[in-house]
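Student: I have a structure I would like to understand better, so I am pasting it below and will then ask my questions one at a time.
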Number of protein chains: 2
Amino acid sequence: MIKYPSGIRKKNQKKFAPRIQSLKTNSYKNRGMSFEREISLSNESYLQQRIAVISKRPTPINVVKVDYQRGAKITHAYFEKQSTTDYNGIYRGKYLDFEAKSTHSKTALAIANITIHQREHLQRIIDQGGIAFLLISFVKRDEVFVLKASDFLGFLTQEVRQSLPYEWIVRKGKKVKIRLHPRLDYLKAVDELFF
Amino acid sequence: MIKYPSGIRKKNQKKFAPRIQSLKTNSYKNRGMSFEREISLSNESYLQQRIAVISKRPTPINVVKVDYQRGAKITHAYFEKQSTTDYNGIYRGKYLDFEAKSTHSKTALAIANITIHQREHLQRIIDQGGIAFLLISFVKRDEVFVLKASDFLGFLTQEVRQSLPYEWIVRKGKKVKIRLHPRLDYLKAVDELFF
């Protein structure tokens with residue numbers, strides 16, 4: 001990719017990047033790869049190495065109108081909110097389920113990022129004995145953490161804060177190592193937290 | 001719903017039902033509820049009774065153009081093929097994954113209904129120790145079966161036929177009881193085949 005001086009690049013990114021991208025992805029500083037893309041590559045790597053089968057649920061879309069005269073072209077539709085989490089799959093024979101969130105804040109992750117429906121979903125997975133967690137990226141720190149969903153949900157019942165402090169996430173969660181394959185070896189952190 | 005004499009109803013259904021519906025669903029004879037809808041209601045019932053958390057992956061859609069002037073209205077997009085199966089979730093602590101297919105044939109299910117990608121996906125789930133199966137509806141017989149994915153994949157290696165014979169599915173699979181809640185109690189059949 002073109003290496004703009006950071007200021008100009010940022011400006012251009014903002015100007016030219018389609019908004020659909022900005023909604024879905026969060027570019028890493030100086031790395032130019034989105035969090036979603038990194039997770040996707042890591043999952044491909046896990047699949048190839050037969051370590052796990054984990055996939056992203058497609059974004060649900062409410063289709064209003066389809067033009068069948070032109071090869072089933074959708075001409076009117078809207079994005080919908082995911083009522084579950086974005087990722088699920090199987091690892092070490094167990095069901096695994098997580099939501100990935102990134103933040104540009106250096107100090108905290110806003111709790112509002114995880115919807116009520118998603119919190120309920122995570123609680124149900126815990127109740128069923130599954131592995132449930134958040135994968136949190138602090139973009140400006142270039143750090144990614146696995147945080148058990150049970151810790152996250154426990155925080156909600158004990159605290160009145162509107163965000164998860166970075167320091168608390170560091171203490172409760174497990175930092176993900178950045179490698180080559182998989183790029184984000186988050187299952188290693190899952191091993192340490194859940195097994 | 002309106003009770004047309006069966007002949008007229010069928011004709012009207014064909015005439016008025018949008019094609020998007022006919023692609024996704026298969027109405028039961030004299031019941032008027034699609035297979036997909038019945039599975040969805042059953043999954044809701046399992047969720048409410050805290051028996052399992054199983055959901056349908058949204059149909060992936062390739063979004064080409066979005067009009068942000070009109071509230072992120074998608075104006076150009078196409079349906080894509082699911083590369084995995086349609087359903088997955090957690091049951092009895094285990095990962096569960098299945099593809100649902102219905103046929104109007106009374107004698108067989110065409111194997112081409114399950115794509116190569118889906119077969120590979122089912123094999124991977126088996127390798128990881130998950131519960132993988134097909135949920136097969138013989139619409140005209142008003143019968144639904146659970147068939148282990150391992151039996152299905154085994155058939156492919158042993159036989160040169162292009163379809164799974166009804167009699168073979170009856171012998172290898174487990175018939176699903178039609179109840180009130182859940183309507184299709186397919187997890188009971190899963191219990192008998194997998195546990």
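How things are named: the first chain in the structure tokens is A, the next is B, and so on; residues count from 1 in each chain; ligands count from 1 in the order shown.
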What are the closest atom pairs, with distances in Å to one decimal, for each residue of chain B lying within 9 Å of chain A, using only C-alpha atoms, rows by chain and rising residue number, as JSON lines?
Tutor:
{"residue": "B:Arg19", "atom": "CA", "partner": "A:Tyr68", "partner_atom": "CA", "distance": 8.1}
{"residue": "B:Ile20", "atom": "CA", "partner": "A:Val66", "partner_atom": "CA", "distance": 7.7}
{"residue": "B:Leu47", "atom": "CA", "partner": "A:Arg124", "partner_atom": "CA", "distance": 8.6}
{"residue": "B:Arg50", "atom": "CA", "partner": "A:Arg124", "partner_atom": "CA", "distance": 8.0}
{"residue": "B:Ile51", "atom": "CA", "partner": "A:Gln128", "partner_atom": "CA", "distance": 8.2}
{"residue": "B:Ala52", "atom": "CA", "partner": "A:Gln128", "partner_atom": "CA", "distance": 7.1}
{"residue": "B:Val53", "atom": "CA", "partner": "A:Ile125", "partner_atom": "CA", "distance": 7.2}
{"residue": "B:Ser55", "atom": "CA", "partner": "A:Thr84", "partner_atom": "CA", "distance": 8.7}
{"residue": "B:Arg57", "atom": "CA", "partner": "A:Arg57", "partner_atom": "CA", "distance": 5.9}
{"residue": "B:Pro58", "atom": "CA", "partner": "A:Pro60", "partner_atom": "CA", "distance": 5.3}
{"residue": "B:Thr59", "atom": "CA", "partner": "A:Pro58", "partner_atom": "CA", "distance": 6.9}
{"residue": "B:Pro60", "atom": "CA", "partner": "A:Pro58", "partner_atom": "CA", "distance": 5.3}
{"residue": "B:Ile61", "atom": "CA", "partner": "A:Ile61", "partner_atom": "CA", "distance": 7.5}
{"residue": "B:Val63", "atom": "CA", "partner": "A:Ile74", "partner_atom": "CA", "distance": 8.9}
{"residue": "B:Val66", "atom": "CA", "partner": "A:Ile20", "partner_atom": "CA", "distance": 7.7}
{"residue": "B:Tyr68", "atom": "CA", "partner": "A:Arg19", "partner_atom": "CA", "distance": 8.1}
{"residue": "B:Gly71", "atom": "CA", "partner": "A:Tyr78", "partner_atom": "CA", "distance": 8.7}
{"residue": "B:Ala72", "atom": "CA", "partner": "A:Tyr78", "partner_atom": "CA", "distance": 6.9}
{"residue": "B:Lys73", "atom": "CA", "partner": "A:Tyr78", "partner_atom": "CA", "distance": 5.5}
{"residue": "B:Ile74", "atom": "CA", "partner": "A:Ala77", "partner_atom": "CA", "distance": 4.9}
{"residue": "B:Thr75", "atom": "CA", "partner": "A:Thr75", "partner_atom": "CA", "distance": 4.5}
{"residue": "B:His76", "atom": "CA", "partner": "A:Thr75", "partner_atom": "CA", "distance": 5.1}
{"residue": "B:Ala77", "atom": "CA", "partner": "A:Ile74", "partner_atom": "CA", "distance": 4.9}
{"residue": "B:Tyr78", "atom": "CA", "partner": "A:Lys73", "partner_atom": "CA", "distance": 5.4}
{"residue": "B:Phe79", "atom": "CA", "partner": "A:Ala72", "partner_atom": "CA", "distance": 7.7}
{"residue": "B:Thr84", "atom": "CA", "partner": "A:Ser55", "partner_atom": "CA", "distance": 8.7}
{"residue": "B:Asn88", "atom": "CA", "partner": "A:Gly89", "partner_atom": "CA", "distance": 8.1}
{"residue": "B:Gly89", "atom": "CA", "partner": "A:Tyr95", "partner_atom": "CA", "distance": 7.4}
{"residue": "B:Ile90", "atom": "CA", "partner": "A:Tyr95", "partner_atom": "CA", "distance": 6.0}
{"residue": "B:Tyr91", "atom": "CA", "partner": "A:Gln128", "partner_atom": "CA", "distance": 7.1}
{"residue": "B:Arg92", "atom": "CA", "partner": "A:Gln128", "partner_atom": "CA", "distance": 6.7}
{"residue": "B:Gly93", "atom": "CA", "partner": "A:Gly129", "partner_atom": "CA", "distance": 4.9}
{"residue": "B:Lys94", "atom": "CA", "partner": "A:Lys94", "partner_atom": "CA", "distance": 5.5}
{"residue": "B:Tyr95", "atom": "CA", "partner": "A:Tyr95", "partner_atom": "CA", "distance": 4.4}
{"residue": "B:Leu96", "atom": "CA", "partner": "A:Tyr95", "partner_atom": "CA", "distance": 7.9}
{"residue": "B:His121", "atom": "CA", "partner": "A:Val53", "partner_atom": "CA", "distance": 8.5}
{"residue": "B:Arg124", "atom": "CA", "partner": "A:Val53", "partner_atom": "CA", "distance": 7.2}
{"residue": "B:Ile125", "atom": "CA", "partner": "A:Val53", "partner_atom": "CA", "distance": 7.2}
{"residue": "B:Asp127", "atom": "CA", "partner": "A:Arg50", "partner_atom": "CA", "distance": 8.5}
{"residue": "B:Gln128", "atom": "CA", "partner": "A:Gly93", "partner_atom": "CA", "distance": 5.6}
{"residue": "B:Gly129", "atom": "CA", "partner": "A:Gly93", "partner_atom": "CA", "distance": 4.9}
{"residue": "B:Gly130", "atom": "CA", "partner": "A:Gly93", "partner_atom": "CA", "distance": 6.0}
Student: Keeping only N, CA and C atoms, write those residues as a short mmCIF file (atom, residue, chain, number, x, y, z; two decimals), in the first residue's frame.
Tutor:
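Listing of selection_32.cif after writing:
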data_model
loop_
_atom_site.label_atom_id
_atom_site.label_comp_id
_atom_site.auth_asym_id
_atom_site.auth_seq_id
_atom_site.Cartn_x
_atom_site.Cartn_y
_atom_site.Cartn_z
N ARG B 19 -40.14 -14.92 -5.42
CA ARG B 19 -39.22 -16.01 -5.68
C ARG B 19 -38.18 -16.17 -4.59
N ILE B 20 -37.90 -15.11 -3.91
CA ILE B 20 -36.94 -15.20 -2.79
C ILE B 20 -37.41 -16.23 -1.77
N LEU B 47 -34.22 -22.79 22.98
CA LEU B 47 -33.57 -21.66 23.66
C LEU B 47 -34.34 -21.31 24.94
N ARG B 50 -33.96 -23.64 27.66
CA ARG B 50 -32.55 -23.76 28.02
C ARG B 50 -31.96 -25.12 27.71
N ILE B 51 -32.43 -25.70 26.61
CA ILE B 51 -31.94 -27.01 26.20
C ILE B 51 -30.71 -26.86 25.30
N ALA B 52 -30.72 -25.87 24.44
CA ALA B 52 -29.63 -25.66 23.50
C ALA B 52 -29.66 -24.24 22.97
N VAL B 53 -28.53 -23.79 22.45
CA VAL B 53 -28.47 -22.48 21.78
C VAL B 53 -28.02 -22.76 20.34
N SER B 55 -28.47 -21.46 16.23
CA SER B 55 -28.99 -20.40 15.38
C SER B 55 -28.62 -20.60 13.92
N ARG B 57 -27.16 -19.30 10.48
CA ARG B 57 -26.25 -18.29 9.95
C ARG B 57 -27.01 -17.48 8.90
N PRO B 58 -26.88 -16.17 8.96
CA PRO B 58 -27.56 -15.36 7.93
C PRO B 58 -27.01 -15.72 6.54
N THR B 59 -27.85 -15.58 5.52
CA THR B 59 -27.39 -15.79 4.14
C THR B 59 -26.36 -14.72 3.81
N PRO B 60 -25.16 -15.12 3.39
CA PRO B 60 -24.17 -14.10 3.06
C PRO B 60 -24.60 -13.31 1.82
N ILE B 61 -24.40 -12.02 1.89
CA ILE B 61 -24.78 -11.14 0.78
C ILE B 61 -23.58 -10.29 0.40
N VAL B 63 -22.36 -7.10 -0.88
CA VAL B 63 -22.88 -5.74 -1.03
C VAL B 63 -21.99 -4.96 -2.00
N VAL B 66 -23.93 1.05 -1.56
CA VAL B 66 -24.75 1.51 -0.44
C VAL B 66 -24.99 3.01 -0.60
N TYR B 68 -25.61 6.15 1.30
CA TYR B 68 -25.57 6.70 2.66
C TYR B 68 -26.41 7.95 2.81
N GLY B 71 -29.88 6.76 4.61
CA GLY B 71 -29.81 5.88 5.78
C GLY B 71 -29.20 4.52 5.51
N ALA B 72 -28.05 4.50 4.82
CA ALA B 72 -27.35 3.25 4.54
C ALA B 72 -28.26 2.24 3.85
N LYS B 73 -28.93 2.69 2.82
CA LYS B 73 -29.77 1.80 2.02
C LYS B 73 -28.89 1.07 1.02
N ILE B 74 -28.97 -0.26 1.03
CA ILE B 74 -28.21 -1.05 0.06
C ILE B 74 -28.98 -1.03 -1.26
N THR B 75 -28.32 -0.57 -2.32
CA THR B 75 -29.02 -0.43 -3.59
C THR B 75 -28.54 -1.42 -4.65
N HIS B 76 -27.48 -2.15 -4.32
CA HIS B 76 -26.93 -3.11 -5.28
C HIS B 76 -26.19 -4.21 -4.51
N ALA B 77 -26.70 -5.41 -4.59
CA ALA B 77 -26.08 -6.51 -3.86
C ALA B 77 -26.54 -7.84 -4.45
N TYR B 78 -25.84 -8.90 -4.10
CA TYR B 78 -26.18 -10.23 -4.59
C TYR B 78 -26.12 -11.26 -3.46
N PHE B 79 -26.98 -12.25 -3.55
CA PHE B 79 -26.91 -13.37 -2.62
C PHE B 79 -25.65 -14.18 -2.92
N THR B 84 -20.32 -22.71 4.54
CA THR B 84 -20.45 -23.67 5.63
C THR B 84 -21.90 -24.18 5.60
N ASN B 88 -25.67 -23.80 13.35
CA ASN B 88 -24.74 -24.35 14.35
C ASN B 88 -25.06 -23.80 15.72
N GLY B 89 -24.42 -24.40 16.72
CA GLY B 89 -24.71 -23.97 18.08
C GLY B 89 -24.14 -24.93 19.09
N ILE B 90 -24.68 -24.85 20.31
CA ILE B 90 -24.17 -25.68 21.40
C ILE B 90 -25.30 -26.48 22.02
N TYR B 91 -25.02 -27.77 22.29
CA TYR B 91 -26.00 -28.67 22.89
C TYR B 91 -25.26 -29.66 23.78
N ARG B 92 -25.70 -29.76 25.01
CA ARG B 92 -25.06 -30.63 26.01
C ARG B 92 -23.55 -30.36 26.07
N GLY B 93 -23.20 -29.09 25.99
CA GLY B 93 -21.81 -28.69 26.09
C GLY B 93 -21.00 -28.91 24.83
N LYS B 94 -21.61 -29.54 23.84
CA LYS B 94 -20.87 -29.87 22.62
C LYS B 94 -21.24 -28.94 21.46
N TYR B 95 -20.32 -28.84 20.54
CA TYR B 95 -20.56 -28.08 19.32
C TYR B 95 -21.42 -28.92 18.38
N LEU B 96 -22.44 -28.30 17.83
CA LEU B 96 -23.39 -28.98 16.95
C LEU B 96 -23.52 -28.21 15.65
N HIS B 121 -16.80 -28.98 5.11
CA HIS B 121 -17.06 -28.37 6.42
C HIS B 121 -17.55 -29.44 7.41
N ARG B 124 -14.74 -31.59 8.59
CA ARG B 124 -13.89 -30.90 9.58
C ARG B 124 -14.51 -30.92 10.97
N ILE B 125 -15.83 -30.75 11.01
CA ILE B 125 -16.51 -30.76 12.31
C ILE B 125 -16.40 -32.15 12.95
N ASP B 127 -13.98 -34.27 12.42
CA ASP B 127 -12.58 -34.40 12.83
C ASP B 127 -12.31 -33.70 14.16
N GLN B 128 -13.03 -32.61 14.42
CA GLN B 128 -12.83 -31.84 15.65
C GLN B 128 -13.66 -32.40 16.81
N GLY B 129 -14.43 -33.44 16.54
CA GLY B 129 -15.21 -34.05 17.62
C GLY B 129 -16.57 -33.41 17.84
N GLY B 130 -17.07 -32.70 16.85
CA GLY B 130 -18.38 -32.08 16.98
C GLY B 130 -19.51 -32.98 16.50
#
Student: For range 151-158 of chain B, please output as a list in words all residues within 8 Å (counting only C-alpha atoms; exclusion window: fewer than 5 positions along the same chain).
Tutor: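 Counting only C-alpha atoms, the residues come to Arg119, Gln123 and Lys172 of chain B.
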Student: From range 8-140 of chain A, collect each residue whose DSSP state is helix (DSSP H, G or I) and return the set as a PyMOL selection string.
Tutor: chain A and resi 8-16+19-24+35-48+68-70+111-113+116-127+139-140
Student: Which value, in Å to one decimal, gives the distance between CA of Asn43 in chain A and CA of Phe98 in chain B?
Tutor: 20.1 Å
Student: Residues at most 12 Å from range 177-179 of chain B, counting only C-alpha atoms, excluding those fewer than 6 positions away in the same chain, as number ranges by chain?
Tutor: B: 38-39, 41-42, 45, 137, 142-146, 185-190
Student: Just the number, please: distance in Å from CA of Glu120 in chain B to CA of Ala132 in chain A, one decimal.
Tutor: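 Separation of CA of Glu120 in chain B and CA of Ala132 in chain A: 25.6 Å.
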Student: Rounded to one decimal in Å, what is the spacing between CA of Leu180 in chain A and CA of Asn113 in chain A?
Tutor: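 Distance reported for this atom pair: 28.8 Å.
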Student: As a PyMOL selection string, which residues of chain A does DSSP assign to strand (DSSP E or B)?
Tutor: chain A and resi 27+34+52-56+61-67+73-79+87-91+94-103+108-110+131-138+143-148+163-165+174-175+178+184
Student: With C-alpha atoms retained, write the just-selected residues as a PDB file, in the first residue's frame.
Tutor:
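Output (part.pdb):
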ATOM      1  CA  SER A  27      -7.207  -0.026  10.712  1.00  0.00           C
ATOM      2  CA  SER A  34      -8.174  -4.353   9.843  1.00  0.00           C
ATOM      3  CA  ALA A  52     -10.072 -25.304  15.127  1.00  0.00           C
ATOM      4  CA  VAL A  53     -13.026 -24.523  12.853  1.00  0.00           C
ATOM      5  CA  ILE A  54     -14.149 -20.986  13.593  1.00  0.00           C
ATOM      6  CA  SER A  55     -16.084 -18.721  11.271  1.00  0.00           C
ATOM      7  CA  LYS A  56     -17.651 -15.300  11.176  1.00  0.00           C
ATOM      8  CA  ILE A  61     -29.272  -8.057   5.858  1.00  0.00           C
ATOM      9  CA  ASN A  62     -32.962  -7.285   5.590  1.00  0.00           C
ATOM     10  CA  VAL A  63     -33.778  -7.727   1.907  1.00  0.00           C
ATOM     11  CA  VAL A  64     -36.718  -5.579   0.789  1.00  0.00           C
ATOM     12  CA  LYS A  65     -36.600  -5.884  -2.983  1.00  0.00           C
ATOM     13  CA  VAL A  66     -34.973  -8.213  -5.494  1.00  0.00           C
ATOM     14  CA  ASP A  67     -34.899  -7.743  -9.245  1.00  0.00           C
ATOM     15  CA  LYS A  73     -29.988  -8.425  -8.030  1.00  0.00           C
ATOM     16  CA  ILE A  74     -30.902  -7.002  -4.631  1.00  0.00           C
ATOM     17  CA  THR A  75     -31.997  -3.406  -5.210  1.00  0.00           C
ATOM     18  CA  HIS A  76     -33.304  -2.464  -1.775  1.00  0.00           C
ATOM     19  CA  ALA A  77     -32.021  -3.774   1.541  1.00  0.00           C
ATOM     20  CA  TYR A  78     -30.719  -2.705   4.940  1.00  0.00           C
ATOM     21  CA  PHE A  79     -28.023  -3.877   7.316  1.00  0.00           C
ATOM     22  CA  TYR A  87     -17.810 -15.513  15.641  1.00  0.00           C
ATOM     23  CA  ASN A  88     -18.373 -19.100  16.671  1.00  0.00           C
ATOM     24  CA  GLY A  89     -16.986 -22.540  16.057  1.00  0.00           C
ATOM     25  CA  ILE A  90     -15.383 -25.621  17.546  1.00  0.00           C
ATOM     26  CA  TYR A  91     -12.070 -25.918  19.388  1.00  0.00           C
ATOM     27  CA  LYS A  94     -15.872 -27.629  22.609  1.00  0.00           C
ATOM     28  CA  TYR A  95     -18.202 -24.941  21.390  1.00  0.00           C
ATOM     29  CA  LEU A  96     -16.514 -21.550  21.238  1.00  0.00           C
ATOM     30  CA  ASP A  97     -18.194 -18.177  20.800  1.00  0.00           C
ATOM     31  CA  PHE A  98     -16.842 -14.654  20.867  1.00  0.00           C
ATOM     32  CA  GLU A  99     -17.408 -11.046  19.976  1.00  0.00           C
ATOM     33  CA  ALA A 100     -14.547  -8.929  18.629  1.00  0.00           C
ATOM     34  CA  LYS A 101     -14.342  -5.245  19.469  1.00  0.00           C
ATOM     35  CA  SER A 102     -11.701  -2.670  18.830  1.00  0.00           C
ATOM     36  CA  THR A 103     -11.313   0.757  20.343  1.00  0.00           C
ATOM     37  CA  ALA A 108     -11.022   1.834  28.156  1.00  0.00           C
ATOM     38  CA  LEU A 109     -13.569  -0.053  26.040  1.00  0.00           C
ATOM     39  CA  ALA A 110     -17.074   1.411  26.112  1.00  0.00           C
ATOM     40  CA  ILE A 131     -16.230 -21.136  25.806  1.00  0.00           C
ATOM     41  CA  ALA A 132     -17.370 -17.509  25.605  1.00  0.00           C
ATOM     42  CA  PHE A 133     -15.155 -14.444  25.471  1.00  0.00           C
ATOM     43  CA  LEU A 134     -14.456 -11.004  24.047  1.00  0.00           C
ATOM     44  CA  LEU A 135     -11.523 -10.354  21.762  1.00  0.00           C
ATOM     45  CA  ILE A 136     -10.563  -6.740  22.426  1.00  0.00           C
ATOM     46  CA  SER A 137      -8.180  -4.676  20.333  1.00  0.00           C
ATOM     47  CA  PHE A 138      -6.631  -1.466  21.674  1.00  0.00           C
ATOM     48  CA  GLU A 143      -2.501  -4.800  21.807  1.00  0.00           C
ATOM     49  CA  VAL A 144      -5.195  -7.465  21.678  1.00  0.00           C
ATOM     50  CA  PHE A 145      -6.724  -9.271  24.668  1.00  0.00           C
ATOM     51  CA  VAL A 146      -8.953 -12.246  25.330  1.00  0.00           C
ATOM     52  CA  LEU A 147     -11.373 -11.500  28.168  1.00  0.00           C
ATOM     53  CA  LYS A 148     -13.652 -14.228  29.507  1.00  0.00           C
ATOM     54  CA  SER A 163     -16.556   1.254  30.188  1.00  0.00           C
ATOM     55  CA  LEU A 164     -14.044  -1.498  30.908  1.00  0.00           C
ATOM     56  CA  PRO A 165     -10.789   0.135  32.037  1.00  0.00           C
ATOM     57  CA  LYS A 174      -4.803 -12.526  28.564  1.00  0.00           C
ATOM     58  CA  LYS A 175      -2.741 -10.681  26.006  1.00  0.00           C
ATOM     59  CA  ILE A 178       1.147 -11.431  17.411  1.00  0.00           C
ATOM     60  CA  LEU A 184      -3.411 -13.284  16.185  1.00  0.00           C
TER      61      LEU A 184
END
